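As provided, final21.tsv (TSV, C-alpha atoms) reads as follows.
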chain	number	residue	atom	x	y	z
A	274	ASP	CA	115.70	144.63	73.51
A	275	LYS	CA	112.40	145.82	75.05
A	276	THR	CA	111.56	142.45	76.65
A	277	THR	CA	114.86	142.36	78.54
A	278	ILE	CA	114.39	145.94	79.77
A	279	PHE	CA	110.83	145.16	80.92
A	280	GLN	CA	111.95	142.01	82.76
A	281	ALA	CA	114.80	143.88	84.44
A	282	ASN	CA	112.44	146.62	85.68
A	283	PHE	CA	109.55	144.32	86.59
A	284	MET	CA	109.55	143.45	90.28
A	285	LYS	CA	107.59	140.51	91.57
A	286	LEU	CA	105.78	140.73	94.88
A	287	THR	CA	107.67	139.45	97.90
A	288	LYS	CA	106.44	136.38	99.76
A	289	ASN	CA	104.99	138.66	102.48
A	290	HIS	CA	103.15	140.75	99.89
A	291	ILE	CA	101.64	137.61	98.35
A	292	GLU	CA	100.51	136.39	101.78
A	293	SER	CA	98.89	139.78	102.40
A	294	GLU	CA	97.14	139.83	99.02
A	295	LEU	CA	95.79	136.31	99.55
A	296	SER	CA	94.39	137.31	102.96
A	297	ILE	CA	92.56	140.23	101.30
A	298	ALA	CA	91.21	137.92	98.59
A	299	TYR	CA	90.07	135.41	101.23
A	300	VAL	CA	88.14	137.99	103.27
A	301	HIS	CA	86.65	139.60	100.17
A	302	ALA	CA	85.45	136.25	98.80
A	303	VAL	CA	84.00	135.10	102.12
A	304	ALA	CA	82.20	138.44	102.67
A	305	ALA	CA	80.81	138.39	99.12
A	306	LYS	CA	79.51	134.84	99.64
A	307	ALA	CA	77.77	136.05	102.82
A	308	GLY	CA	76.22	138.95	100.87
A	309	PHE	CA	78.09	141.77	102.56
A	310	ALA	CA	80.16	144.61	101.13
A	311	THR	CA	83.84	145.19	101.85
A	312	GLU	CA	85.76	148.44	101.88
A	313	PHE	CA	89.54	148.52	101.82
A	314	THR	CA	91.43	151.03	103.94
A	315	ARG	CA	93.83	153.02	101.75
A	316	VAL	CA	96.11	153.98	104.63
A	317	ASP	CA	96.20	151.69	107.65
A	318	VAL	CA	97.11	153.88	110.63
A	319	ASP	CA	94.56	152.42	113.05
A	320	SER	CA	95.08	148.66	112.51
A	321	VAL	CA	92.18	148.41	110.05
A	322	ASP	CA	92.80	146.88	106.63
A	323	ILE	CA	89.24	146.15	105.57
A	324	THR	CA	85.70	146.90	106.79
A	325	ILE	CA	82.70	144.65	106.23
A	326	GLY	CA	79.21	146.10	106.46
A	327	GLY	CA	75.59	145.26	105.98
A	328	PRO	CA	72.78	147.53	104.75
A	329	GLY	CA	69.95	148.69	107.01
A	330	LEU	CA	68.50	146.36	109.61
A	331	ILE	CA	70.02	142.97	108.90
A	332	SER	CA	67.94	141.05	111.43
A	333	THR	CA	64.38	141.36	112.72
A	334	ASP	CA	65.74	142.14	116.20
A	335	SER	CA	68.51	144.53	115.10
A	336	THR	CA	68.71	147.83	116.96
A	337	LEU	CA	71.44	149.41	114.81
A	338	HIS	CA	71.23	150.17	111.10
A	339	SER	CA	74.10	149.28	108.74
A	340	PRO	CA	76.40	147.39	111.15
A	341	GLN	CA	80.11	147.19	110.43
A	342	ILE	CA	83.16	145.31	111.64
A	343	ALA	CA	86.71	146.54	111.07
A	344	ILE	CA	89.39	143.95	110.40
A	345	GLN	CA	93.13	143.83	110.91
A	346	LEU	CA	94.41	141.22	108.44
A	347	LYS	CA	97.45	139.04	108.91
A	348	ALA	CA	98.77	136.00	107.04
A	349	THR	CA	101.41	133.49	108.00
A	350	ILE	CA	102.77	130.02	107.31
A	351	ASN	CA	103.49	129.55	111.03
A	352	LYS	CA	100.47	127.78	112.49
A	353	ASN	CA	101.24	126.99	116.12
A	354	VAL	CA	98.46	124.80	117.53
A	355	ASN	CA	98.34	124.57	121.33
A	356	GLY	CA	97.33	121.54	123.42
A	357	ASP	CA	93.82	122.93	123.85
A	358	GLY	CA	93.41	123.30	120.07
A	359	SER	CA	93.77	127.09	120.07
A	360	ILE	CA	96.22	128.69	117.65
A	361	SER	CA	98.95	131.03	118.88
A	362	PHE	CA	99.75	134.10	116.83
A	363	ASN	CA	102.47	136.66	117.54
A	364	LEU	CA	100.76	140.04	116.98
A	365	PRO	CA	102.72	143.32	116.75
A	366	LEU	CA	102.11	145.38	119.90
A	367	LYS	CA	100.72	148.37	117.98
A	368	ASN	CA	98.03	146.15	116.44
A	369	TYR	CA	97.36	144.50	119.79
A	370	ASP	CA	96.82	147.88	121.49
A	371	ASP	CA	94.65	149.23	118.64
A	372	LEU	CA	92.47	146.09	118.60
A	373	ARG	CA	91.95	145.92	122.37
A	374	ALA	CA	90.68	149.52	122.58
A	375	LYS	CA	86.97	150.29	122.85
A	376	CYS	CA	85.81	151.63	119.45
A	377	LEU	CA	82.57	152.70	117.80
A	378	VAL	CA	83.08	150.12	115.04
A	379	PRO	CA	84.17	146.80	116.59
A	380	LYS	CA	87.59	145.57	115.45
A	381	ILE	CA	88.72	142.00	115.03
A	382	LEU	CA	91.91	140.25	114.04
A	383	VAL	CA	91.67	137.85	111.08
A	384	VAL	CA	94.68	135.60	110.44
A	385	LEU	CA	94.99	133.51	107.28
A	386	PHE	CA	97.15	130.45	107.93
A	387	LEU	CA	98.77	129.23	104.73
A	388	PRO	CA	100.62	125.96	104.09
A	389	LYS	CA	104.40	126.06	104.43
A	390	GLU	CA	104.75	125.06	100.75
A	391	GLU	CA	104.20	128.28	98.79
A	392	ASN	CA	103.37	126.45	95.56
A	393	ILE	CA	100.09	125.11	97.07
A	394	TRP	CA	98.78	128.36	98.57
A	395	LEU	CA	96.44	128.81	95.62
A	396	SER	CA	95.28	126.44	92.92
A	397	HIS	CA	93.25	127.34	89.89
A	398	SER	CA	91.42	125.44	87.17
A	399	ILE	CA	88.42	126.11	84.94
A	400	ASP	CA	86.26	124.51	87.65
A	401	GLN	CA	87.60	126.04	90.85
A	402	LEU	CA	89.78	128.55	92.63
A	403	ILE	CA	91.13	127.34	95.97
A	404	ILE	CA	93.07	129.25	98.62
A	405	LYS	CA	94.61	126.84	101.11
A	406	GLU	CA	94.27	126.66	104.38
A	407	CYS	CA	91.93	128.74	106.55
A	408	ALA	CA	91.47	132.08	108.29
A	409	TYR	CA	90.46	132.48	111.93
A	410	TRP	CA	89.22	135.54	113.83
A	411	LEU	CA	89.60	136.95	117.33
A	412	SER	CA	88.17	139.92	119.18
A	413	ILE	CA	90.84	141.42	121.45
A	414	LYS	CA	88.60	144.19	122.81
A	415	GLY	CA	89.19	144.61	126.53
A	416	PHE	CA	92.34	142.46	126.72
A	417	THR	CA	94.86	143.64	129.30
A	418	LYS	CA	97.79	145.91	128.48
A	419	SER	CA	100.88	143.99	127.45
A	420	ASP	CA	104.23	144.33	129.22
A	421	ASN	CA	106.04	143.23	126.07
A	422	ALA	CA	108.08	145.68	124.00
A	423	SER	CA	107.17	144.70	120.44
A	424	HIS	CA	104.72	141.76	120.17
A	425	GLN	CA	101.97	140.01	122.11
A	426	THR	CA	101.05	136.37	121.58
A	427	VAL	CA	97.29	135.84	121.30
A	428	ARG	CA	95.44	132.52	121.31
A	429	ILE	CA	92.75	132.13	118.67
A	430	PRO	CA	90.15	129.43	119.39
A	431	SER	CA	90.10	126.86	116.57
A	432	ALA	CA	86.28	127.21	116.54
A	433	ASN	CA	86.69	130.83	115.31
A	434	VAL	CA	86.82	129.93	111.60
A	435	PHE	CA	86.30	133.03	109.45
A	436	SER	CA	83.44	131.88	107.19
A	437	PRO	CA	80.36	133.39	105.52
A	438	GLU	CA	78.26	132.18	108.47
A	439	THR	CA	80.72	133.77	110.89
A	440	ILE	CA	80.49	137.15	109.15
A	441	SER	CA	76.68	137.03	109.26
A	442	GLY	CA	76.75	136.12	112.95
A	443	LEU	CA	79.25	138.85	113.83
A	444	LEU	CA	77.30	141.55	111.97
A	445	ILE	CA	74.04	140.44	113.59
A	446	LYS	CA	75.71	140.72	117.01
A	447	VAL	CA	76.95	144.22	116.14
A	448	SER	CA	73.45	145.16	114.92
A	449	LYS	CA	72.07	144.08	118.31
A	450	GLU	CA	74.81	146.04	120.14
A	451	GLU	CA	76.30	142.82	121.56
A	452	ASP	CA	79.99	142.17	122.21
A	453	LEU	CA	81.81	139.94	119.75

Structure translated into structure tokens:
Amino acid sequence: DKTTIFQANFMKLTKNHIESELSIAYVHAVAAKAGFATEFTRVDVDSVDITIGGPGLISTDSTLHSPQIAIQLKATINKNVNGDGSISFNLPLKNYDDLRAKCLVPKILVVLFLPKEENIWLSHSIDQLIIKECAYWLSIKGFTKSDNASHQTVRIPSANVFSPETISGLLIKVSKEEDL
């Protein structure tokens, strides 16, 4: 029957794909709340999944028009909190090298940390849509070259919550030609 054929050919997303899609949804929702546009990268060859930008001069003391930040997105259920409160994340070396390079459009890493229990990653009702837990950001620009072969562990300060206020602050810094 047609239903059986459809079910046999229909492939669900893997757990990693779902994590990735939730990280995109998180960034898109947070940027929209802040009033900024997002553009998705069709082919990620330069460690950029999404770009957030603002129109014109976004602050009275801006020196650059239409500032942008480029984002490498990651998602994980492995939240390793260090003694100082920072969060360790094991970043692929290619992403690490791309993000530490000096670029015209500043690049940051955004990591969405999800609960270990997959069934609570997202909840939905007629009153709310909730993605659990939180995303954090880190600028790796200027970090030293890694001696590792495949990954580099980075430490993300727990104060670096990726929020609407954060996006506004980062874009204002870019518009003033300040480092992130």

Got a sec: who's within 9 Å of A:Asn368, counting all atoms listed in the file, leaving out chain neighbours fewer than 4 positions off, as a ChimeraX atom specification?
-> /A:319-321,345,364,372-373,382,424

Which residue, A:Lys389, A:Lys288, A:His338, A:Lys418, has the smallest gap to A:Glu406 when you use all atoms listed in the file?
->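 The shortest atom-to-atom distance to A:Glu406 comes from A:Lys389.
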
Place a sphere of radius 12 Å on (88.0, 152.1, 126.8) in the file coordinates and name every protein, DNA or RNA residue with an atom inside or on its surface, counting only C-alpha atoms; give the answer as a PyMOL selection string.
-> chain A and resi 370-377+414-418

Contacts of A:Ala422 at 10 Å or less, counting only C-alpha atoms, minus same-chain residues fewer than 3 places along, as a list in words?
-> Pro365, Leu366, Lys367, Ser419 and Gln425 of chain A

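One finds atom CA of A:Ile413 at 17.3 Å from atom CA of A:Gly442.
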
Closest to A:Ile404 among A:Thr287, A:Asn392, A:Asn433, A:Ser332, using only C-alpha atoms?
->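 Counting only C-alpha atoms, the residue closest to A:Ile404 is A:Asn392.
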
What is the distance, in Å and to one decimal place, between atom CA of A:Asp322 and atom CA of A:Lys347?
-> 9.4 Å

Have a look at atom CA of A:Pro430 and atom CA of A:Leu395 and let me know their distance in Å, one decimal.
-> 24.6 Å

Near A:Pro388, counting only C-alpha atoms, which residues have an atom at most 9 Å away, once you skip same-chain residues fewer than 6 positions from it, shown as a short mmCIF file (atom, residue, chain, number, x, y, z; two decimals) with C-alpha atoms, in the frame of the given file?
data_model
loop_
_atom_site.label_atom_id
_atom_site.label_comp_id
_atom_site.auth_asym_id
_atom_site.auth_seq_id
_atom_site.Cartn_x
_atom_site.Cartn_y
_atom_site.Cartn_z
CA THR A 349 101.41 133.49 108.00
CA ILE A 350 102.77 130.02 107.31
CA ASN A 351 103.49 129.55 111.03
CA LYS A 352 100.47 127.78 112.49
CA TRP A 394 98.78 128.36 98.57
CA LYS A 405 94.61 126.84 101.11
CA GLU A 406 94.27 126.66 104.38
#

List the neighbours of A:Lys449 out to 12 Å using all atoms listed in the file; skip same-chain residues closer than 6 positions along the sequence, and give me the result as a PDB file with C-alpha atoms, in the coordinates of the input.
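Printed below is result-v5.pdb as written:
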ATOM      1  CA  LEU A 330      68.500 146.360 109.610  1.00  0.00           C
ATOM      2  CA  ILE A 331      70.020 142.970 108.900  1.00  0.00           C
ATOM      3  CA  SER A 332      67.940 141.050 111.430  1.00  0.00           C
ATOM      4  CA  THR A 333      64.380 141.360 112.720  1.00  0.00           C
ATOM      5  CA  ASP A 334      65.740 142.140 116.200  1.00  0.00           C
ATOM      6  CA  SER A 335      68.510 144.530 115.100  1.00  0.00           C
ATOM      7  CA  THR A 336      68.710 147.830 116.960  1.00  0.00           C
ATOM      8  CA  LEU A 337      71.440 149.410 114.810  1.00  0.00           C
ATOM      9  CA  HIS A 338      71.230 150.170 111.100  1.00  0.00           C
ATOM     10  CA  SER A 339      74.100 149.280 108.740  1.00  0.00           C
ATOM     11  CA  PRO A 340      76.400 147.390 111.150  1.00  0.00           C
ATOM     12  CA  GLN A 341      80.110 147.190 110.430  1.00  0.00           C
ATOM     13  CA  GLY A 442      76.750 136.120 112.950  1.00  0.00           C
ATOM     14  CA  LEU A 443      79.250 138.850 113.830  1.00  0.00           C
TER      15      LEU A 443
END

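Residues in contact range of stretch 302-316 of chain A, defined as at most 10 Å between only C-alpha atoms, with sequence neighbours fewer than 5 positions away removed, read Ser296, Ile297, Val321, Asp322, Ile323, Thr324, Ile325, Gly326, Gly327, Pro328, Gln341, Ile342, Ala343, Ile344, Phe435, Ser436, Pro437, Glu438, Thr439, Ile440, Ser441 and Leu444 of chain A.
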
Selected residue, from A:Asn421, A:Ser431, A:Lys380, A:Leu385, that lies nearest to A:Val300 when counting only C-alpha atoms =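 Ranked by minimum distance to A:Val300, first place goes to A:Leu385.
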
Please define a box with edges along x, y and z of the file around all atoms of stretch 330-349 of chain A given in the file, extend it by 8 Å on each side, and return its centre and edge lengths in Å to one decimal, as AutoDock Vina command-line options.
--center_x 82.9 --center_y 141.8 --center_z 112.0 --size_x 53.0 --size_y 32.7 --size_z 25.9

Would you fill out stretch 297-308 of chain A with all heavy atoms and return it as a compact mmCIF listing (two decimals), keeping the file's coordinate frame?
# COMPACT_ATOMS: atom_id res chain seq x y z
N ILE A 297 93.58 139.29 101.79
CA ILE A 297 92.56 140.23 101.30
C ILE A 297 91.57 139.49 100.41
O ILE A 297 90.34 139.64 100.55
CB ILE A 297 93.21 141.40 100.55
CG1 ILE A 297 94.00 142.29 101.52
CG2 ILE A 297 92.16 142.22 99.80
CD1 ILE A 297 94.92 143.30 100.85
N ALA A 298 92.08 138.67 99.49
CA ALA A 298 91.21 137.92 98.59
C ALA A 298 90.30 136.97 99.37
O ALA A 298 89.12 136.84 99.06
CB ALA A 298 92.06 137.14 97.58
N TYR A 299 90.84 136.33 100.39
CA TYR A 299 90.07 135.41 101.23
C TYR A 299 88.90 136.14 101.89
O TYR A 299 87.75 135.71 101.78
CB TYR A 299 90.99 134.79 102.29
CG TYR A 299 90.34 133.74 103.16
CD1 TYR A 299 90.58 132.39 102.94
CD2 TYR A 299 89.51 134.08 104.22
CE1 TYR A 299 90.01 131.42 103.74
CE2 TYR A 299 88.92 133.13 105.02
CZ TYR A 299 89.17 131.80 104.78
OH TYR A 299 88.59 130.84 105.59
N VAL A 300 89.19 137.24 102.56
CA VAL A 300 88.14 137.99 103.27
C VAL A 300 87.11 138.53 102.28
O VAL A 300 85.91 138.46 102.53
CB VAL A 300 88.75 139.12 104.13
CG1 VAL A 300 87.67 140.06 104.64
CG2 VAL A 300 89.53 138.53 105.29
N HIS A 301 87.57 139.06 101.17
CA HIS A 301 86.65 139.60 100.17
C HIS A 301 85.72 138.51 99.64
O HIS A 301 84.50 138.72 99.53
CB HIS A 301 87.45 140.24 99.04
CG HIS A 301 86.62 141.07 98.13
ND1 HIS A 301 87.01 141.41 96.87
CD2 HIS A 301 85.39 141.62 98.27
CE1 HIS A 301 86.08 142.12 96.28
NE2 HIS A 301 85.08 142.26 97.11
N ALA A 302 86.26 137.35 99.32
CA ALA A 302 85.45 136.25 98.80
C ALA A 302 84.45 135.74 99.84
O ALA A 302 83.28 135.52 99.52
CB ALA A 302 86.36 135.10 98.34
N VAL A 303 84.88 135.59 101.06
CA VAL A 303 84.00 135.10 102.12
C VAL A 303 82.88 136.12 102.41
O VAL A 303 81.72 135.74 102.56
CB VAL A 303 84.81 134.76 103.39
CG1 VAL A 303 83.92 134.48 104.57
CG2 VAL A 303 85.73 133.57 103.13
N ALA A 304 83.22 137.40 102.45
CA ALA A 304 82.20 138.44 102.67
C ALA A 304 81.21 138.48 101.51
O ALA A 304 80.00 138.62 101.73
CB ALA A 304 82.87 139.80 102.86
N ALA A 305 81.70 138.38 100.28
CA ALA A 305 80.81 138.39 99.12
C ALA A 305 79.85 137.21 99.18
O ALA A 305 78.65 137.36 98.92
CB ALA A 305 81.63 138.35 97.83
N LYS A 306 80.36 136.03 99.53
CA LYS A 306 79.51 134.84 99.64
C LYS A 306 78.42 135.05 100.68
O LYS A 306 77.28 134.60 100.52
CB LYS A 306 80.37 133.62 99.98
CG LYS A 306 79.60 132.37 100.28
CD LYS A 306 78.91 131.83 99.04
CE LYS A 306 78.28 130.47 99.33
NZ LYS A 306 76.94 130.34 98.88
N ALA A 307 78.75 135.77 101.76
CA ALA A 307 77.77 136.05 102.82
C ALA A 307 76.81 137.17 102.43
O ALA A 307 75.82 137.40 103.12
CB ALA A 307 78.50 136.42 104.12
N GLY A 308 77.10 137.88 101.33
CA GLY A 308 76.22 138.95 100.87
C GLY A 308 76.51 140.31 101.47
O GLY A 308 75.64 141.19 101.48
